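Novice: Handing you a structure now.
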Amino acid sequence: MPGAPLHFEPHAFSRPRPNGRKRAPSGQRFHLWVSGCQMNESDADYLAQGMTAAGFTQVPDLDGADLAILVTCSVRQNAEQKAYGRFRELRGWKRERPGRAIAITGCMANKEKDRLYERLPDLDYRFDMREYEAFIRDLAGEYETDPAQTGGAVLLHGLTAYIPVIFGCNEVCSFCIVPFVRGTERSRPMEDVLEDVRRFSAQGVREVTLLGQTVNSYRDPSNGARLSALLAGVERVPGIWRVRFLTSHPRHVHDDLLTAIRDLPRVCEHLHLPFQSADDLILKQMRRRYTRDEYRGIIQHARDVIPDLSVSTDVIVGYPGETEDQFQLTLALLEEIQFDVVHIQGFSPRPRTTAARQPDDVSSPEKKRRINILLGAQRRIAEEANRRWLSRTVEVLVERVDGTQLSGRTRQNKVVHGEAPLGAEVGTVRAVRVESASAWQLRGSVLS
Ligand code: SF4
């Protein structure tokens, strides 16, 4: 299988219905529905590539599909509800034509395990993405396919590709379900990652994002090489112009990583570093294992080392017991650090986590109020951060050309729009002089 991201146990297996009667689809066209984070997007890419290499055909419309595969998320309750809602819609689709089948994978499938078959009688397959090759083998065994005759890998993201480099998480934050559904950390061998990057580059990819829940804990299993060494290896792959990585944990930001971002010309000056709360007691309860001052120090040091660093973060409001004063500390840290982008969530108890055993005592309207306050502040802060780019020239990787307009992103991941010069092409890098800025985007003239 091309691009296999995992090393499987010899007896890895997918989980068709436990009564042993697989209800295989009557044809080989599959449709993918993906919800959740970039890891899921990346998993869906690998699944699509593996299925295609095994002789299946991905179709954009459900109507033309024999098999619908849902790549689900369970990080929040409403993500699960969304997946169940999608499944309910699929029941009608399945009943319209005999021979249609439904498969579920992703975090929700791992969390619910075979209970899903009881809850969803129309479900045909549940499988763990860590065993997706076994699922494909199982499915392919129902048909006489010849992988050598197929069109090989497909790429869903065109210019940019997400590549998982480390799976699972060892941190066990009190609110997070990830360690329960994705297991402990397992890094991929660096050579496997580089092989993926070379293959993507040959297919026209120009920007890669290396993924992990705690990507900066990456260690090559054979020699312990860290993320900084992996970044150096990836940027040497011909055809790759930009390298990004997500998500970093504050406890593992070391100088070798910061100097790699500063010194490697293709590694973009962007750090996604969740802080979650600015109150030390809440941070302790969350088991984040840093204090507000330590987090501040990390950001200050990173900005000292890397000129023009953009920083994004994640925040949770309404954690059990969070008082108004504790919330105000989070708002103050937002104002002080001036993040480029902030993802804000209201606390949502997830099963099996420590935080779910505490009373969820901040009401929904109060969580919404706190979210809105942070959103309002961040809108102003982001606009101010973007205005600092006025009259400067930025490097833009062109992602779309639409008539006379082009758009793309800067190294700091800011969206830029401009008038397209003659011959502007997707996948090229252009210099753009910034003339106006809003909270969400920059606009400027494309220099010849
Ligand atoms: S570091 Fe991130 S993925 Fe890991 S437990 Fe904490 S919140 Fe979850």
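Here's how to read the names in the structure tokens: chain A, B, ... by the order shown, residue numbers from 1 in each chain, ligand numbers from 1 in the order shown.
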Which residues sit within 6 Å of ligand 1, counting only C-alpha atoms and all ligand atoms, listed as a short mmCIF file (atom, residue, chain, number, x, y, z; two decimals) with C-alpha atoms, in the first residue's frame?
Specialist:
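Saved to pocket08.cif:
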```cif
data_model
loop_
_atom_site.label_atom_id
_atom_site.label_comp_id
_atom_site.auth_asym_id
_atom_site.auth_seq_id
_atom_site.Cartn_x
_atom_site.Cartn_y
_atom_site.Cartn_z
CA CYS A 169 -0.53 11.41 23.13
CA GLU A 171 0.01 14.01 28.18
CA VAL A 172 -3.41 12.91 29.53
CA CYS A 173 -4.83 16.40 30.01
CA CYS A 176 -9.17 15.36 26.67
CA VAL A 178 -7.51 11.77 22.66
CA PRO A 179 -5.22 9.51 24.76
CA GLN A 213 -1.37 15.80 18.76
CA THR A 214 1.98 16.72 20.34
#
```
Novice: I'd like the neighbourhood of stretch 345-352 of chain A as a ChimeraX atom specification, where a residue qualifies if any of its atoms comes within 8 Å (using only C-alpha atoms), though same-chain residues fewer than 5 positions away should be ignored.
Specialist: /A:75-77,175-177,180,314-320,360,367-368,371
Novice: Mind pulling up the distance from atom CA of A:Ala48 to atom CA of A:Leu120?
Specialist: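 Taking atom CA of A:Leu120 as the start and atom CA of A:Ala48 as the end point, the length is 24.0 Å.
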Novice: Based on the backbone DSSP call, show me all residues of stretch 143-341 of chain A assigned helix (DSSP H, G or I), as an mmCIF file with C-alpha atoms, in the first residue's frame.
Specialist:
```cif
data_model
loop_
_atom_site.group_PDB
_atom_site.id
_atom_site.type_symbol
_atom_site.label_atom_id
_atom_site.label_comp_id
_atom_site.auth_asym_id
_atom_site.auth_seq_id
_atom_site.Cartn_x
_atom_site.Cartn_y
_atom_site.Cartn_z
ATOM 1 C CA PRO A 147 -4.022 -3.468 -7.507
ATOM 2 C CA ALA A 148 -1.432 -3.334 -10.303
ATOM 3 C CA GLN A 149 -4.209 -2.341 -12.736
ATOM 4 C CA VAL A 178 -7.513 11.768 22.659
ATOM 5 C CA PRO A 179 -5.223 9.511 24.760
ATOM 6 C CA PHE A 180 -8.153 7.104 25.267
ATOM 7 C CA VAL A 181 -9.086 6.864 21.600
ATOM 8 C CA ARG A 182 -5.685 7.249 19.943
ATOM 9 C CA MET A 190 11.789 9.416 9.670
ATOM 10 C CA GLU A 191 12.530 7.541 6.451
ATOM 11 C CA ASP A 192 8.837 6.568 6.090
ATOM 12 C CA VAL A 193 7.804 10.199 6.494
ATOM 13 C CA LEU A 194 10.385 11.328 3.936
ATOM 14 C CA GLU A 195 9.153 8.705 1.508
ATOM 15 C CA ASP A 196 5.641 10.155 1.811
ATOM 16 C CA VAL A 197 6.982 13.659 1.251
ATOM 17 C CA ARG A 198 8.890 12.596 -1.887
ATOM 18 C CA ARG A 199 5.803 10.878 -3.281
ATOM 19 C CA PHE A 200 3.588 13.888 -2.551
ATOM 20 C CA SER A 201 6.157 16.215 -4.095
ATOM 21 C CA ALA A 202 6.175 14.124 -7.284
ATOM 22 C CA VAL A 215 4.077 16.962 17.198
ATOM 23 C CA ASN A 216 7.065 18.421 19.022
ATOM 24 C CA SER A 217 7.424 15.175 21.018
ATOM 25 C CA LEU A 227 11.299 17.182 15.134
ATOM 26 C CA SER A 228 14.026 19.699 14.241
ATOM 27 C CA ALA A 229 15.945 16.931 12.395
ATOM 28 C CA LEU A 230 12.770 15.796 10.654
ATOM 29 C CA LEU A 231 12.037 19.372 9.517
ATOM 30 C CA ALA A 232 15.568 19.592 8.085
ATOM 31 C CA GLY A 233 15.069 16.308 6.220
ATOM 32 C CA VAL A 234 11.675 17.331 4.808
ATOM 33 C CA GLU A 235 12.863 20.697 3.571
ATOM 34 C CA PRO A 250 4.366 24.125 25.480
ATOM 35 C CA ARG A 251 6.342 21.608 27.579
ATOM 36 C CA HIS A 252 8.319 20.419 24.560
ATOM 37 C CA ASP A 255 15.833 25.633 21.324
ATOM 38 C CA ASP A 256 16.716 23.176 18.560
ATOM 39 C CA LEU A 257 13.119 23.516 17.298
ATOM 40 C CA LEU A 258 13.143 27.315 17.472
ATOM 41 C CA THR A 259 16.474 27.608 15.645
ATOM 42 C CA ALA A 260 15.235 25.128 13.012
ATOM 43 C CA ILE A 261 12.244 27.416 12.351
ATOM 44 C CA ARG A 262 14.563 30.428 12.195
ATOM 45 C CA ASP A 263 17.334 28.878 10.087
ATOM 46 C CA ASP A 280 -2.502 28.506 37.424
ATOM 47 C CA LEU A 281 -5.006 26.558 39.519
ATOM 48 C CA ILE A 282 -7.080 25.641 36.464
ATOM 49 C CA LEU A 283 -3.906 24.750 34.548
ATOM 50 C CA LYS A 284 -2.972 22.419 37.393
ATOM 51 C CA GLN A 285 -6.428 20.837 37.391
ATOM 52 C CA ARG A 292 0.935 31.142 33.083
ATOM 53 C CA ASP A 293 4.377 32.709 33.572
ATOM 54 C CA GLU A 294 6.132 29.725 32.051
ATOM 55 C CA TYR A 295 3.863 29.928 29.005
ATOM 56 C CA ARG A 296 4.518 33.670 28.681
ATOM 57 C CA GLY A 297 8.265 32.998 28.896
ATOM 58 C CA ILE A 298 8.111 30.385 26.126
ATOM 59 C CA ILE A 299 6.325 32.792 23.769
ATOM 60 C CA GLN A 300 8.673 35.660 24.590
ATOM 61 C CA HIS A 301 11.730 33.493 23.976
ATOM 62 C CA ALA A 302 10.293 32.100 20.709
ATOM 63 C CA ARG A 303 9.620 35.652 19.486
ATOM 64 C CA ASP A 304 13.148 36.717 20.443
ATOM 65 C CA VAL A 305 14.633 33.848 18.435
ATOM 66 C CA GLU A 324 -15.098 35.173 36.611
ATOM 67 C CA ASP A 325 -11.675 36.204 37.974
ATOM 68 C CA GLN A 326 -10.021 33.132 36.497
ATOM 69 C CA PHE A 327 -11.693 33.822 33.148
ATOM 70 C CA GLN A 328 -10.465 37.431 33.281
ATOM 71 C CA LEU A 329 -6.869 36.133 33.528
ATOM 72 C CA THR A 330 -7.388 34.265 30.247
ATOM 73 C CA LEU A 331 -8.718 37.433 28.617
ATOM 74 C CA ALA A 332 -5.737 39.384 29.953
ATOM 75 C CA LEU A 333 -3.272 36.868 28.517
ATOM 76 C CA LEU A 334 -4.961 37.133 25.116
ATOM 77 C CA GLU A 335 -4.513 40.907 25.252
ATOM 78 C CA GLU A 336 -0.933 40.630 26.420
ATOM 79 C CA ILE A 337 0.366 38.039 23.970
#
```
Novice: From a DSSP pass on the backbone, collect the residues of stretch 73-153 of chain A flagged as strand (DSSP E) and hand them back as a list in words.
Specialist: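 Strand (DSSP E) members of stretch 73-153 of chain A, listed: Ala101, Ile102, Ala103, Ile104, Thr105, Gly106, Tyr125 and Arg126 of chain A.
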Novice: I want to know what sits within 6 Å of A:Val396, based on only C-alpha atoms, with residues of the same chain fewer than 4 positions away left out; could you give that as a ChimeraX atom specification?
Specialist: /A:408-410,429-430
Novice: Would you please work out which residue, of A:Ser277, A:Gln441, A:Thr105, A:Ser364, is nearest to A:Ser74 when using only C-alpha atoms?
Specialist: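 Among A:Ser277, A:Gln441, A:Thr105, A:Ser364, it is A:Thr105 that comes nearest to A:Ser74.
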Novice: Could you check the closest approach to A:Ser35 for each of A:Val243, A:Leu422, A:Ile104, A:Ala437 and tell me which residue wins, using only C-alpha atoms?
Specialist: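 The answer is A:Ile104, which sits nearest to A:Ser35.
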Novice: Which neighbours of A:Lys414 fall inside 12 Å, counting only C-alpha atoms, when residues of the same chain fewer than 4 positions from it are skipped, and could you give them as an mmCIF file with C-alpha atoms, in the first residue's frame?
Specialist:
```cif
data_model
loop_
_atom_site.group_PDB
_atom_site.id
_atom_site.type_symbol
_atom_site.label_atom_id
_atom_site.label_comp_id
_atom_site.auth_asym_id
_atom_site.auth_seq_id
_atom_site.Cartn_x
_atom_site.Cartn_y
_atom_site.Cartn_z
ATOM 1 C CA CYS A 268 7.394 28.545 8.015
ATOM 2 C CA GLU A 269 7.509 30.974 10.943
ATOM 3 C CA HIS A 270 4.392 29.736 12.685
ATOM 4 C CA LEU A 309 6.805 34.527 14.190
ATOM 5 C CA SER A 310 3.044 34.092 14.074
ATOM 6 C CA VAL A 311 1.487 32.334 17.053
ATOM 7 C CA SER A 312 -1.902 30.672 17.268
ATOM 8 C CA ASP A 340 -2.580 35.880 15.440
ATOM 9 C CA VAL A 341 -5.336 33.276 15.711
ATOM 10 C CA ALA A 382 -6.048 39.958 14.991
ATOM 11 C CA GLU A 383 -6.774 43.127 13.034
ATOM 12 C CA ALA A 385 -1.632 42.017 14.286
ATOM 13 C CA ASN A 386 -2.474 42.038 10.576
ATOM 14 C CA ARG A 387 -2.083 45.817 10.292
ATOM 15 C CA TRP A 389 2.051 43.883 7.826
ATOM 16 C CA VAL A 394 5.107 39.121 1.845
ATOM 17 C CA GLU A 395 5.762 35.803 0.110
ATOM 18 C CA VAL A 396 2.505 34.173 -1.016
ATOM 19 C CA LEU A 397 2.048 30.602 -2.232
ATOM 20 C CA SER A 407 -5.355 34.182 -3.314
ATOM 21 C CA GLY A 408 -2.939 32.248 -1.177
ATOM 22 C CA ARG A 409 -1.226 32.285 2.191
ATOM 23 C CA THR A 410 1.877 33.855 3.620
ATOM 24 C CA VAL A 434 0.281 44.560 1.552
ATOM 25 C CA ALA A 437 -5.626 44.427 6.403
ATOM 26 C CA SER A 438 -8.669 43.112 8.249
ATOM 27 C CA ALA A 439 -8.883 40.666 11.144
ATOM 28 C CA TRP A 440 -9.049 37.704 8.765
ATOM 29 C CA GLN A 441 -7.072 38.616 5.653
ATOM 30 C CA LEU A 442 -4.597 40.854 3.869
ATOM 31 C CA ARG A 443 -4.993 42.466 0.452
#
```
Novice: Using only C-alpha atoms, pick whichever of A:Leu246, A:Val253, A:Ala420, A:Ala140 has the shortest atom-to-atom distance to A:Thr52.
Specialist: A:Ala140
Novice: What does the distance from atom CA of A:His343 to atom CA of A:Thr291 come to in Å, to one decimal?
Specialist: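 Going from atom CA of A:His343 over to atom CA of A:Thr291, I get 19.8 Å.
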Novice: Show me, as a list in words, the residues that have an atom within 8 Å of A:Asp61 when counting only C-alpha atoms, minus same-chain residues fewer than 3 positions from it.
Specialist: His31, Gly64 and Ala65 of chain A
Novice: Check the smallest atom-to-atom distance from each of A:Asp138, A:Glu41, A:Asp122, A:Glu366 to A:Ile102 using only C-alpha atoms, then report the winner.
Specialist: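 Counting only C-alpha atoms, the residue closest to A:Ile102 is A:Asp122.
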Novice: If we count only C-alpha atoms and set the cut-off at 9 Å, which residues sit around A:Gly444, ignoring sequence neighbours fewer than 6 positions away in its own chain? Please answer as number ranges by chain.
Specialist: A: 390-391, 393, 416-419, 432-437
Novice: Next, write the just-selected residues to a file, as a PDB file, in the first residue's frame, keeping N, CA and C atoms as the atom set.
Specialist:
```pdb
ATOM      1  N   LEU A 390       1.125  46.021   7.044  1.00  0.00           N
ATOM      2  CA  LEU A 390       0.865  47.050   6.016  1.00  0.00           C
ATOM      3  C   LEU A 390       2.178  47.604   5.475  1.00  0.00           C
ATOM      4  N   SER A 391       2.221  47.800   4.152  1.00  0.00           N
ATOM      5  CA  SER A 391       3.381  48.346   3.429  1.00  0.00           C
ATOM      6  C   SER A 391       4.578  47.394   3.393  1.00  0.00           C
ATOM      7  N   THR A 393       6.327  43.631   2.161  1.00  0.00           N
ATOM      8  CA  THR A 393       6.177  42.677   1.065  1.00  0.00           C
ATOM      9  C   THR A 393       6.217  41.262   1.642  1.00  0.00           C
ATOM     10  N   VAL A 416      -4.099  35.944   1.848  1.00  0.00           N
ATOM     11  CA  VAL A 416      -3.836  37.181   1.094  1.00  0.00           C
ATOM     12  C   VAL A 416      -4.605  37.128  -0.221  1.00  0.00           C
ATOM     13  N   HIS A 417      -5.232  38.255  -0.584  1.00  0.00           N
ATOM     14  CA  HIS A 417      -5.888  38.374  -1.887  1.00  0.00           C
ATOM     15  C   HIS A 417      -5.206  39.479  -2.670  1.00  0.00           C
ATOM     16  N   GLY A 418      -5.185  39.331  -3.994  1.00  0.00           N
ATOM     17  CA  GLY A 418      -4.608  40.386  -4.819  1.00  0.00           C
ATOM     18  C   GLY A 418      -5.049  40.210  -6.258  1.00  0.00           C
ATOM     19  N   GLU A 419      -4.775  41.232  -7.063  1.00  0.00           N
ATOM     20  CA  GLU A 419      -5.121  41.138  -8.482  1.00  0.00           C
ATOM     21  C   GLU A 419      -4.093  40.260  -9.180  1.00  0.00           C
ATOM     22  N   VAL A 432       3.916  39.903  -2.676  1.00  0.00           N
ATOM     23  CA  VAL A 432       2.737  40.783  -2.624  1.00  0.00           C
ATOM     24  C   VAL A 432       3.013  41.911  -1.629  1.00  0.00           C
ATOM     25  N   ARG A 433       2.768  43.142  -2.089  1.00  0.00           N
ATOM     26  CA  ARG A 433       2.911  44.283  -1.180  1.00  0.00           C
ATOM     27  C   ARG A 433       1.565  44.533  -0.512  1.00  0.00           C
ATOM     28  N   VAL A 434       1.556  44.507   0.823  1.00  0.00           N
ATOM     29  CA  VAL A 434       0.281  44.560   1.552  1.00  0.00           C
ATOM     30  C   VAL A 434      -0.234  45.992   1.610  1.00  0.00           C
ATOM     31  N   GLU A 435      -1.506  46.177   1.165  1.00  0.00           N
ATOM     32  CA  GLU A 435      -2.085  47.525   1.145  1.00  0.00           C
ATOM     33  C   GLU A 435      -3.243  47.691   2.122  1.00  0.00           C
ATOM     34  N   SER A 436      -3.924  46.605   2.467  1.00  0.00           N
ATOM     35  CA  SER A 436      -4.976  46.731   3.476  1.00  0.00           C
ATOM     36  C   SER A 436      -5.041  45.443   4.287  1.00  0.00           C
ATOM     37  N   ALA A 437      -5.601  45.587   5.499  1.00  0.00           N
ATOM     38  CA  ALA A 437      -5.626  44.427   6.403  1.00  0.00           C
ATOM     39  C   ALA A 437      -6.910  44.430   7.209  1.00  0.00           C
TER      40      ALA A 437
END
```
